[in-house]
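*Asks:* Here you go, this is query00.cif (mmCIF, C-alpha atoms).
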```
data_final
#
loop_
_atom_site.label_atom_id
_atom_site.label_comp_id
_atom_site.auth_asym_id
_atom_site.auth_seq_id
_atom_site.Cartn_x
_atom_site.Cartn_y
_atom_site.Cartn_z
CA MET T 1 -7.01 -1.94 0.57
CA ASP T 2 -4.91 1.13 1.03
CA ALA T 3 -2.95 3.71 -0.91
CA ALA T 4 0.74 4.48 -0.87
CA HIS T 5 1.96 7.82 -2.10
CA PHE T 6 5.57 7.43 -3.20
CA VAL T 7 7.30 10.79 -3.56
CA MET T 8 10.47 11.15 -5.60
CA GLN T 9 12.76 12.33 -2.83
CA PRO T 10 15.75 10.90 -0.97
CA PHE T 11 15.15 7.86 1.26
CA LEU T 12 18.30 7.29 3.26
CA ALA T 13 18.30 4.03 5.16
CA TYR T 14 21.76 4.30 6.70
CA LEU T 15 24.43 6.92 6.43
CA TYR T 16 27.49 6.99 8.65
CA SER T 17 30.70 8.72 7.71
CA LEU T 18 33.71 10.26 9.41
CA VAL T 19 34.13 12.68 6.53
CA VAL T 20 31.67 14.84 4.66
CA ARG T 21 29.95 12.93 1.87
CA PHE T 22 27.72 14.39 -0.77
CA VAL T 23 24.80 12.16 -1.64
CA LYS T 24 23.05 12.52 -4.99
CA VAL T 25 19.35 13.15 -4.50
CA SER T 26 16.45 13.71 -6.83
CA SER T 27 15.00 17.15 -7.15
CA GLY T 28 11.32 17.91 -7.10
CA ARG T 29 8.44 16.24 -5.37
CA GLN T 30 6.76 14.24 -8.09
CA ARG T 31 4.28 11.75 -6.71
CA PHE T 32 3.46 8.20 -7.83
CA SER T 33 0.37 6.97 -6.00
CA VAL T 34 -0.63 3.33 -5.83
CA LEU T 35 -3.99 2.14 -4.57
CA GLY T 36 -3.71 -1.54 -3.83
CA ALA T 37 -5.75 -4.44 -2.56
CA LEU T 38 -3.98 -7.42 -1.03
CA ASN T 39 -5.61 -10.85 -0.89
CA ALA T 40 -4.83 -11.96 2.67
CA VAL T 41 -4.92 -15.65 1.68
CA THR T 42 -3.15 -15.82 -1.71
CA LYS T 43 -1.01 -12.65 -1.21
CA GLU T 44 -2.04 -11.49 -4.69
CA VAL T 45 -1.92 -7.72 -5.20
CA VAL T 46 -4.33 -5.79 -7.42
CA THR T 47 -3.45 -2.15 -8.03
CA ILE T 48 -4.55 1.10 -9.62
CA THR T 49 -1.87 3.76 -10.14
CA ASP T 50 -1.94 7.50 -10.60
CA HIS T 51 0.70 10.16 -11.07
CA GLY T 52 -1.20 12.49 -8.76
CA TYR T 53 -3.55 11.87 -5.88
CA ILE T 54 -5.85 8.94 -5.15
CA LYS T 55 -9.51 9.97 -5.10
CA ALA T 56 -12.86 8.24 -4.56
CA ILE T 57 -13.09 7.52 -8.29
CA SER T 58 -9.83 5.53 -8.04
CA VAL T 59 -11.29 3.48 -5.18
CA CYS T 60 -14.38 2.76 -7.32
CA GLU T 61 -12.11 1.67 -10.20
CA LEU T 62 -10.26 -0.72 -7.90
CA LEU T 63 -13.52 -2.13 -6.54
CA GLN T 64 -14.64 -2.78 -10.12
CA LYS T 65 -11.29 -4.41 -10.91
CA LEU T 66 -11.61 -6.65 -7.83
CA HIS T 67 -15.17 -7.57 -8.80
CA ASP T 68 -14.09 -8.48 -12.33
CA HIS T 69 -11.11 -10.46 -11.01
CA CYS T 70 -13.09 -12.44 -8.40
CA ARG T 71 -16.44 -12.53 -10.15
CA HIS T 72 -17.92 -15.59 -8.41
CA LEU T 73 -16.42 -15.15 -4.96
CA PRO T 74 -17.69 -13.08 -2.05
CA ILE T 75 -15.43 -10.06 -1.51
CA VAL T 76 -14.74 -8.32 1.78
CA VAL T 77 -12.50 -5.26 1.59
CA VAL T 78 -10.81 -3.90 4.71
CA MET T 79 -10.11 -0.17 4.49
CA ASP T 80 -8.83 2.53 6.75
CA ASN T 81 -10.75 5.72 7.37
CA ALA T 82 -9.36 7.83 4.55
CA ARG T 83 -11.86 10.44 3.44
CA TYR T 84 -11.85 9.25 -0.18
CA GLN T 85 -12.68 5.69 0.97
CA ARG T 86 -15.45 6.63 3.38
CA CYS T 87 -17.76 8.50 1.02
CA ALA T 88 -21.16 7.93 -0.58
CA LEU T 89 -19.71 7.26 -4.04
CA VAL T 90 -17.58 4.35 -2.78
CA ALA T 91 -20.40 3.00 -0.60
CA GLU T 92 -22.81 3.00 -3.56
CA LYS T 93 -20.29 1.29 -5.84
CA ALA T 94 -19.57 -1.40 -3.24
CA LEU T 95 -23.29 -1.99 -2.73
CA LYS T 96 -23.85 -2.27 -6.47
CA LEU T 97 -20.99 -4.78 -6.83
CA GLU T 98 -22.03 -6.67 -3.66
CA ILE T 99 -18.69 -5.99 -1.99
CA LYS T 100 -18.71 -5.75 1.78
CA ILE T 101 -16.54 -3.00 3.24
CA VAL T 102 -15.09 -3.18 6.76
CA PHE T 103 -13.40 -0.09 8.15
CA LEU T 104 -10.45 -0.34 10.51
CA PRO T 105 -10.42 1.72 13.69
CA THR T 106 -9.05 5.21 13.28
CA TYR T 107 -5.25 5.56 13.48
CA SER T 108 -4.50 1.84 13.26
CA PRO T 109 -2.41 1.29 10.12
CA ASN T 110 -0.61 -1.58 11.89
CA LEU T 111 -3.80 -3.66 11.44
CA ASN T 112 -3.70 -3.34 7.65
CA LEU T 113 -1.56 -6.03 5.99
CA ILE T 114 -0.95 -3.96 2.88
CA GLU T 115 0.98 -1.42 4.98
CA ARG T 116 3.66 -4.11 5.32
CA LEU T 117 3.77 -4.41 1.53
CA TRP T 118 4.27 -0.65 1.15
CA LYS T 119 7.14 -0.78 3.66
CA PHE T 120 8.68 -3.71 1.73
CA VAL T 121 8.46 -1.80 -1.58
CA LYS T 122 10.13 1.25 -0.04
CA LYS T 123 12.91 -0.92 1.36
CA LYS T 124 13.53 -2.76 -1.92
CA VAL T 125 13.14 0.12 -4.35
CA LEU T 126 13.59 3.48 -2.64
CA TYR T 127 16.03 3.22 0.27
CA ASN T 128 19.51 4.39 -0.74
CA GLN T 129 18.53 4.60 -4.42
CA TYR T 130 18.96 7.50 -6.77
CA TYR T 131 16.63 7.98 -9.74
CA SER T 132 17.56 10.77 -12.11
CA LYS T 133 14.23 10.68 -13.94
CA TYR T 134 10.68 10.29 -12.71
CA GLU T 135 10.05 7.57 -15.31
CA GLU T 136 12.79 5.40 -13.75
CA PHE T 137 11.34 6.04 -10.30
CA HIS T 138 7.78 4.97 -11.07
CA GLN T 139 8.95 2.08 -13.29
CA ALA T 140 11.04 0.67 -10.40
CA ILE T 141 8.01 0.75 -8.11
CA SER T 142 5.76 -0.81 -10.76
CA ASP T 143 8.30 -3.56 -11.44
CA CYS T 144 8.57 -4.38 -7.75
CA LEU T 145 4.79 -4.62 -7.41
CA GLU T 146 4.57 -6.85 -10.50
CA GLN T 147 7.16 -9.22 -8.98
CA THR T 148 5.35 -9.72 -5.68
CA GLY T 149 4.00 -13.07 -6.86
CA THR T 150 7.29 -14.29 -8.36
CA THR T 151 10.67 -12.85 -7.36
CA TYR T 152 9.58 -11.59 -3.93
CA LYS T 153 7.00 -14.27 -3.15
CA GLN T 154 9.10 -16.06 -0.53
CA ASP T 155 9.97 -12.81 1.27
CA LEU T 156 6.35 -11.68 1.28
CA ASP T 157 4.99 -15.05 2.44
CA THR T 158 6.78 -14.54 5.75
CA LEU T 159 6.06 -10.81 5.95
CA LEU T 160 2.36 -10.75 5.03
CA VAL T 161 1.00 -12.99 7.75
CA ALA T 162 -1.99 -12.22 9.92
CA ARG T 163 0.02 -12.05 13.13
CA PHE T 164 -0.45 -8.94 15.16
CA GLN T 165 1.01 -8.00 18.49
CA SER T 166 -1.17 -8.98 21.41
CA PHE T 167 -0.92 -8.03 25.04
CA ASN T 168 -1.63 -10.96 27.34
CA ASN T 169 -1.33 -9.15 30.64
CA ALA T 170 -2.84 -5.85 29.60
CA THR T 171 -4.93 -4.02 32.15
CA ILE T 172 -7.64 -1.76 30.80
CA TYR T 173 -8.71 1.03 33.06
CA PRO T 174 -12.19 2.47 32.68
CA SER T 175 -12.22 6.09 31.59
#
```
Starting from the file, give its structure as structure tokens.

*Replies:*
Amino acid sequence: MDAAHFVMQPFLAYLYSLVVRFVKVSSGRQRFSVLGALNAVTKEVVTITDHGYIKAISVCELLQKLHDHCRHLPIVVVMDNARYQRCALVAEKALKLEIKIVFLPTYSPNLNLIERLWKFVKKKVLYNQYYSKYEEFHQAISDCLEQTGTTYKQDLDTLLVARFQSFNNATIYPS
């Protein structure tokens, strides 16, 4: 589980020109926040969205949604150390719903599979795209997330795998 805060601003992937080019960009800094949970086995995505900031109440809503969706299965949620995830309200809700929470080490987003999904969404929807209205912007993101199990399933099956870089010959020095 993790949140992505998409901000309506220019995302240039590549720009190379021998002459001056003017690129249309959106004005303002409107935010579309998505709190998502990714099933590591089925690659199914469950989300809660907000047009502002994600708070502890949003995390509790997503935990409830996960509980309702997987009623008879044990649920383990892997989270990072965001302040709104590591609070008493979320801990109490998880305990009540019998959801086990595992926290990743600090500053290790590369260990969270859903970070790869957020990068994929940015690449598909935001890079080199111009949205004149905020409604178009958040609808494009929502549509992409809805198509993760259909249109983009094959792409995500190869991207969302539990393979992480390992260091075979690493030497650890005592501090």

*Asks:* With all atoms listed in the file as the counted atoms, please give the residues lying no more than 12 Å from Ala40 of chain T, apart from itself and same-chain residues fewer than 6 positions off, as a PDB file with C-alpha atoms, in the coordinates of the input.

*Replies:*
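Output file part_15.pdb is given in full below:
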```pdb
ATOM      1  CA  MET T   1      -7.010  -1.940   0.570  1.00  0.00           C
ATOM      2  CA  VAL T  46      -4.330  -5.790  -7.420  1.00  0.00           C
ATOM      3  CA  ILE T  75     -15.430 -10.060  -1.510  1.00  0.00           C
ATOM      4  CA  VAL T  76     -14.740  -8.320   1.780  1.00  0.00           C
ATOM      5  CA  VAL T  77     -12.500  -5.260   1.590  1.00  0.00           C
ATOM      6  CA  VAL T  78     -10.810  -3.900   4.710  1.00  0.00           C
ATOM      7  CA  ASN T 112      -3.700  -3.340   7.650  1.00  0.00           C
ATOM      8  CA  LEU T 113      -1.560  -6.030   5.990  1.00  0.00           C
ATOM      9  CA  ILE T 114      -0.950  -3.960   2.880  1.00  0.00           C
ATOM     10  CA  ARG T 116       3.660  -4.110   5.320  1.00  0.00           C
ATOM     11  CA  LEU T 117       3.770  -4.410   1.530  1.00  0.00           C
ATOM     12  CA  LEU T 156       6.350 -11.680   1.280  1.00  0.00           C
ATOM     13  CA  ASP T 157       4.990 -15.050   2.440  1.00  0.00           C
ATOM     14  CA  LEU T 159       6.060 -10.810   5.950  1.00  0.00           C
ATOM     15  CA  LEU T 160       2.360 -10.750   5.030  1.00  0.00           C
ATOM     16  CA  VAL T 161       1.000 -12.990   7.750  1.00  0.00           C
ATOM     17  CA  ALA T 162      -1.990 -12.220   9.920  1.00  0.00           C
ATOM     18  CA  ARG T 163       0.020 -12.050  13.130  1.00  0.00           C
TER      19      ARG T 163
END
```

*Asks:* Grab the atom CA of Gln129 of chain T to atom CA of Lys55 of chain T distance for me, in Å with one decimal place.

*Replies:*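 If I compute the distance from atom CA of Gln129 of chain T to atom CA of Lys55 of chain T, I get 28.6 Å.
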
*Asks:* Out of T:Phe120, T:Tyr127, T:Phe6, T:Phe11, which residue has the shortest atom-to-atom distance to Cys144 of chain T when counting only C-alpha atoms?

*Replies:*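 Smallest distance to Cys144 of chain T is found for T:Phe120.
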
*Asks:* Between atom CA of Ile141 of chain T and atom CA of Ser33 of chain T, what is the distance in Å, rounded to a tenth?

*Replies:*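 Pair atom CA of Ile141 of chain T / atom CA of Ser33 of chain T returns 10.1 Å.
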
*Asks:* Quick one: which residues end up in the PyMOL selection byres ((chain T and resi 96-105) around 12) for this structure, as a VMD selection string?

*Replies:* chain T and resid 1 to 2 59 to 68 70 to 83 85 to 87 89 to 95 106 to 113

*Asks:* Go ahead and save the residues from that selection, with C-alpha atoms, as a short mmCIF file (atom, residue, chain, number, x, y, z; two decimals), keeping the file's coordinate frame.

*Replies:*
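Everything below was put into again_9.cif:
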```
data_model
loop_
_atom_site.label_atom_id
_atom_site.label_comp_id
_atom_site.auth_asym_id
_atom_site.auth_seq_id
_atom_site.Cartn_x
_atom_site.Cartn_y
_atom_site.Cartn_z
CA MET T 1 -7.01 -1.94 0.57
CA ASP T 2 -4.91 1.13 1.03
CA VAL T 59 -11.29 3.48 -5.18
CA CYS T 60 -14.38 2.76 -7.32
CA GLU T 61 -12.11 1.67 -10.20
CA LEU T 62 -10.26 -0.72 -7.90
CA LEU T 63 -13.52 -2.13 -6.54
CA GLN T 64 -14.64 -2.78 -10.12
CA LYS T 65 -11.29 -4.41 -10.91
CA LEU T 66 -11.61 -6.65 -7.83
CA HIS T 67 -15.17 -7.57 -8.80
CA ASP T 68 -14.09 -8.48 -12.33
CA CYS T 70 -13.09 -12.44 -8.40
CA ARG T 71 -16.44 -12.53 -10.15
CA HIS T 72 -17.92 -15.59 -8.41
CA LEU T 73 -16.42 -15.15 -4.96
CA PRO T 74 -17.69 -13.08 -2.05
CA ILE T 75 -15.43 -10.06 -1.51
CA VAL T 76 -14.74 -8.32 1.78
CA VAL T 77 -12.50 -5.26 1.59
CA VAL T 78 -10.81 -3.90 4.71
CA MET T 79 -10.11 -0.17 4.49
CA ASP T 80 -8.83 2.53 6.75
CA ASN T 81 -10.75 5.72 7.37
CA ALA T 82 -9.36 7.83 4.55
CA ARG T 83 -11.86 10.44 3.44
CA GLN T 85 -12.68 5.69 0.97
CA ARG T 86 -15.45 6.63 3.38
CA CYS T 87 -17.76 8.50 1.02
CA LEU T 89 -19.71 7.26 -4.04
CA VAL T 90 -17.58 4.35 -2.78
CA ALA T 91 -20.40 3.00 -0.60
CA GLU T 92 -22.81 3.00 -3.56
CA LYS T 93 -20.29 1.29 -5.84
CA ALA T 94 -19.57 -1.40 -3.24
CA LEU T 95 -23.29 -1.99 -2.73
CA THR T 106 -9.05 5.21 13.28
CA TYR T 107 -5.25 5.56 13.48
CA SER T 108 -4.50 1.84 13.26
CA PRO T 109 -2.41 1.29 10.12
CA ASN T 110 -0.61 -1.58 11.89
CA LEU T 111 -3.80 -3.66 11.44
CA ASN T 112 -3.70 -3.34 7.65
CA LEU T 113 -1.56 -6.03 5.99
#
```

*Asks:* Enclose the full set of atoms of segment 126-139 of chain T listed in the file within a box whose edges lie along x, y and z, apply 6 Å of padding to each of the six sides, and report centre and edge lengths in Å to one decimal as lines of an AutoDock Vina configuration file.

*Replies:*
```
center_x = 13.6
center_y = 6.4
center_z = -7.5
size_x = 23.7
size_y = 20.7
size_z = 27.6
```

*Asks:* Could you tell me which residues the PyMOL selection byres ((chain T and resi 10) around 10) grabs in this file, written as a PDB file with C-alpha atoms, in the frame of the given file?

*Replies:*
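Contents of selection07.pdb, freshly written:
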```pdb
ATOM      1  CA  VAL T   7       7.300  10.790  -3.560  1.00  0.00           C
ATOM      2  CA  MET T   8      10.470  11.150  -5.600  1.00  0.00           C
ATOM      3  CA  GLN T   9      12.760  12.330  -2.830  1.00  0.00           C
ATOM      4  CA  PHE T  11      15.150   7.860   1.260  1.00  0.00           C
ATOM      5  CA  LEU T  12      18.300   7.290   3.260  1.00  0.00           C
ATOM      6  CA  ALA T  13      18.300   4.030   5.160  1.00  0.00           C
ATOM      7  CA  VAL T  23      24.800  12.160  -1.640  1.00  0.00           C
ATOM      8  CA  LYS T  24      23.050  12.520  -4.990  1.00  0.00           C
ATOM      9  CA  VAL T  25      19.350  13.150  -4.500  1.00  0.00           C
ATOM     10  CA  SER T  26      16.450  13.710  -6.830  1.00  0.00           C
ATOM     11  CA  SER T  27      15.000  17.150  -7.150  1.00  0.00           C
ATOM     12  CA  LEU T 126      13.590   3.480  -2.640  1.00  0.00           C
ATOM     13  CA  TYR T 127      16.030   3.220   0.270  1.00  0.00           C
ATOM     14  CA  ASN T 128      19.510   4.390  -0.740  1.00  0.00           C
ATOM     15  CA  GLN T 129      18.530   4.600  -4.420  1.00  0.00           C
ATOM     16  CA  TYR T 130      18.960   7.500  -6.770  1.00  0.00           C
ATOM     17  CA  TYR T 131      16.630   7.980  -9.740  1.00  0.00           C
TER      18      TYR T 131
END
```

*Asks:* Around (9.1, 10.7, -11.7) in the file's frame, which residues reach within 9 Å when counting all atoms listed in the file? Return as number ranges by chain?

*Replies:* T: 7-8, 28-32, 51, 131-139

*Asks:* Smallest atom-to-atom distance to Thr148 of chain T: which of T:Glu44, T:Leu38, T:Gly52, T:Glu115, using all atoms listed in the file?

*Replies:*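 So, comparing all the options, the nearest one is T:Glu44.
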
*Asks:* Have a look at T:Lys153, T:Val121, T:Asp50, T:Thr158 and name the one nearest to Ala140 of chain T; count all atoms listed in the file.

*Replies:*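 Once distances to Ala140 of chain T are computed over all atoms listed in the file, the minimum belongs to T:Val121.
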
*Asks:* Rank T:Thr49, T:Lys122, T:Val20, T:Lys43 by their smallest atom-to-atom distance to Gln154 of chain T, using all atoms listed in the file, and report the top residue only.

*Replies:* T:Lys43

*Asks:* Just how far from atom CA of Leu145 of chain T is atom CA of Ala4 of chain T, in Å to one decimal?

*Replies:*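 Atom-to-atom, atom CA of Ala4 of chain T and atom CA of Leu145 of chain T are spaced 11.9 Å apart.
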
*Asks:* Restricting the calculation to only C-alpha atoms: of T:Val45, T:Ala88, T:Ala37, T:Leu18, which residue gets closest to Thr150 of chain T?

*Replies:*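 Closest candidate: T:Val45.
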
*Asks:* Using only C-alpha atoms, can you tell me which of T:Ser142, T:Thr151, T:His5, T:Val19 comes closest to Thr47 of chain T?

*Replies:*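 Using only C-alpha atoms, Thr47 of chain T sits closest to T:Ser142.
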
*Asks:* Output segment 127-147 of chain T as a PDB file, keeping the file's coordinate frame, making sure N, CA and C atoms are there.

*Replies:*
```
ATOM      1  N   TYR T 127      14.965   2.936  -0.691  1.00  0.00           N
ATOM      2  CA  TYR T 127      16.030   3.220   0.270  1.00  0.00           C
ATOM      3  C   TYR T 127      17.393   3.192  -0.417  1.00  0.00           C
ATOM      4  N   ASN T 128      18.151   4.262  -0.217  1.00  0.00           N
ATOM      5  CA  ASN T 128      19.510   4.390  -0.740  1.00  0.00           C
ATOM      6  C   ASN T 128      19.580   4.255  -2.259  1.00  0.00           C
ATOM      7  N   GLN T 129      18.550   4.656  -2.957  1.00  0.00           N
ATOM      8  CA  GLN T 129      18.530   4.600  -4.420  1.00  0.00           C
ATOM      9  C   GLN T 129      18.394   6.012  -4.979  1.00  0.00           C
ATOM     10  N   TYR T 130      19.045   6.220  -6.084  1.00  0.00           N
ATOM     11  CA  TYR T 130      18.960   7.500  -6.770  1.00  0.00           C
ATOM     12  C   TYR T 130      18.333   7.289  -8.141  1.00  0.00           C
ATOM     13  N   TYR T 131      17.286   8.024  -8.426  1.00  0.00           N
ATOM     14  CA  TYR T 131      16.630   7.980  -9.740  1.00  0.00           C
ATOM     15  C   TYR T 131      16.734   9.375 -10.340  1.00  0.00           C
ATOM     16  N   SER T 132      17.375   9.459 -11.488  1.00  0.00           N
ATOM     17  CA  SER T 132      17.560  10.770 -12.110  1.00  0.00           C
ATOM     18  C   SER T 132      16.299  11.243 -12.811  1.00  0.00           C
ATOM     19  N   LYS T 133      15.448  10.312 -13.221  1.00  0.00           N
ATOM     20  CA  LYS T 133      14.230  10.680 -13.940  1.00  0.00           C
ATOM     21  C   LYS T 133      13.020  10.057 -13.248  1.00  0.00           C
ATOM     22  N   TYR T 134      11.925  10.765 -13.310  1.00  0.00           N
ATOM     23  CA  TYR T 134      10.680  10.290 -12.710  1.00  0.00           C
ATOM     24  C   TYR T 134      10.228   8.968 -13.334  1.00  0.00           C
ATOM     25  N   GLU T 135      10.451   8.797 -14.621  1.00  0.00           N
ATOM     26  CA  GLU T 135      10.050   7.570 -15.310  1.00  0.00           C
ATOM     27  C   GLU T 135      10.756   6.351 -14.706  1.00  0.00           C
ATOM     28  N   GLU T 136      12.048   6.490 -14.391  1.00  0.00           N
ATOM     29  CA  GLU T 136      12.790   5.400 -13.750  1.00  0.00           C
ATOM     30  C   GLU T 136      12.222   5.100 -12.367  1.00  0.00           C
ATOM     31  N   PHE T 137      11.886   6.154 -11.655  1.00  0.00           N
ATOM     32  CA  PHE T 137      11.340   6.040 -10.300  1.00  0.00           C
ATOM     33  C   PHE T 137      10.031   5.254 -10.303  1.00  0.00           C
ATOM     34  N   HIS T 138       9.072   5.663 -11.113  1.00  0.00           N
ATOM     35  CA  HIS T 138       7.780   4.970 -11.070  1.00  0.00           C
ATOM     36  C   HIS T 138       7.863   3.598 -11.726  1.00  0.00           C
ATOM     37  N   GLN T 139       8.787   3.402 -12.675  1.00  0.00           N
ATOM     38  CA  GLN T 139       8.950   2.080 -13.290  1.00  0.00           C
ATOM     39  C   GLN T 139       9.538   1.089 -12.274  1.00  0.00           C
ATOM     40  N   ALA T 140      10.459   1.539 -11.429  1.00  0.00           N
ATOM     41  CA  ALA T 140      11.040   0.670 -10.400  1.00  0.00           C
ATOM     42  C   ALA T 140       9.980   0.209  -9.415  1.00  0.00           C
ATOM     43  N   ILE T 141       9.089   1.114  -9.030  1.00  0.00           N
ATOM     44  CA  ILE T 141       8.010   0.750  -8.110  1.00  0.00           C
ATOM     45  C   ILE T 141       7.044  -0.219  -8.780  1.00  0.00           C
ATOM     46  N   SER T 142       6.672   0.070 -10.016  1.00  0.00           N
ATOM     47  CA  SER T 142       5.760  -0.810 -10.760  1.00  0.00           C
ATOM     48  C   SER T 142       6.355  -2.199 -10.936  1.00  0.00           C
ATOM     49  N   ASP T 143       7.644  -2.274 -11.267  1.00  0.00           N
ATOM     50  CA  ASP T 143       8.300  -3.560 -11.440  1.00  0.00           C
ATOM     51  C   ASP T 143       8.309  -4.369 -10.148  1.00  0.00           C
ATOM     52  N   CYS T 144       8.573  -3.706  -9.047  1.00  0.00           N
ATOM     53  CA  CYS T 144       8.570  -4.380  -7.750  1.00  0.00           C
ATOM     54  C   CYS T 144       7.188  -4.950  -7.435  1.00  0.00           C
ATOM     55  N   LEU T 145       6.151  -4.159  -7.677  1.00  0.00           N
ATOM     56  CA  LEU T 145       4.790  -4.620  -7.410  1.00  0.00           C
ATOM     57  C   LEU T 145       4.392  -5.777  -8.334  1.00  0.00           C
ATOM     58  N   GLU T 146       4.869  -5.753  -9.582  1.00  0.00           N
ATOM     59  CA  GLU T 146       4.570  -6.850 -10.500  1.00  0.00           C
ATOM     60  C   GLU T 146       5.274  -8.145 -10.092  1.00  0.00           C
ATOM     61  N   GLN T 147       6.387  -8.039  -9.371  1.00  0.00           N
ATOM     62  CA  GLN T 147       7.160  -9.220  -8.980  1.00  0.00           C
ATOM     63  C   GLN T 147       6.801  -9.754  -7.597  1.00  0.00           C
TER      64      GLN T 147
END
```
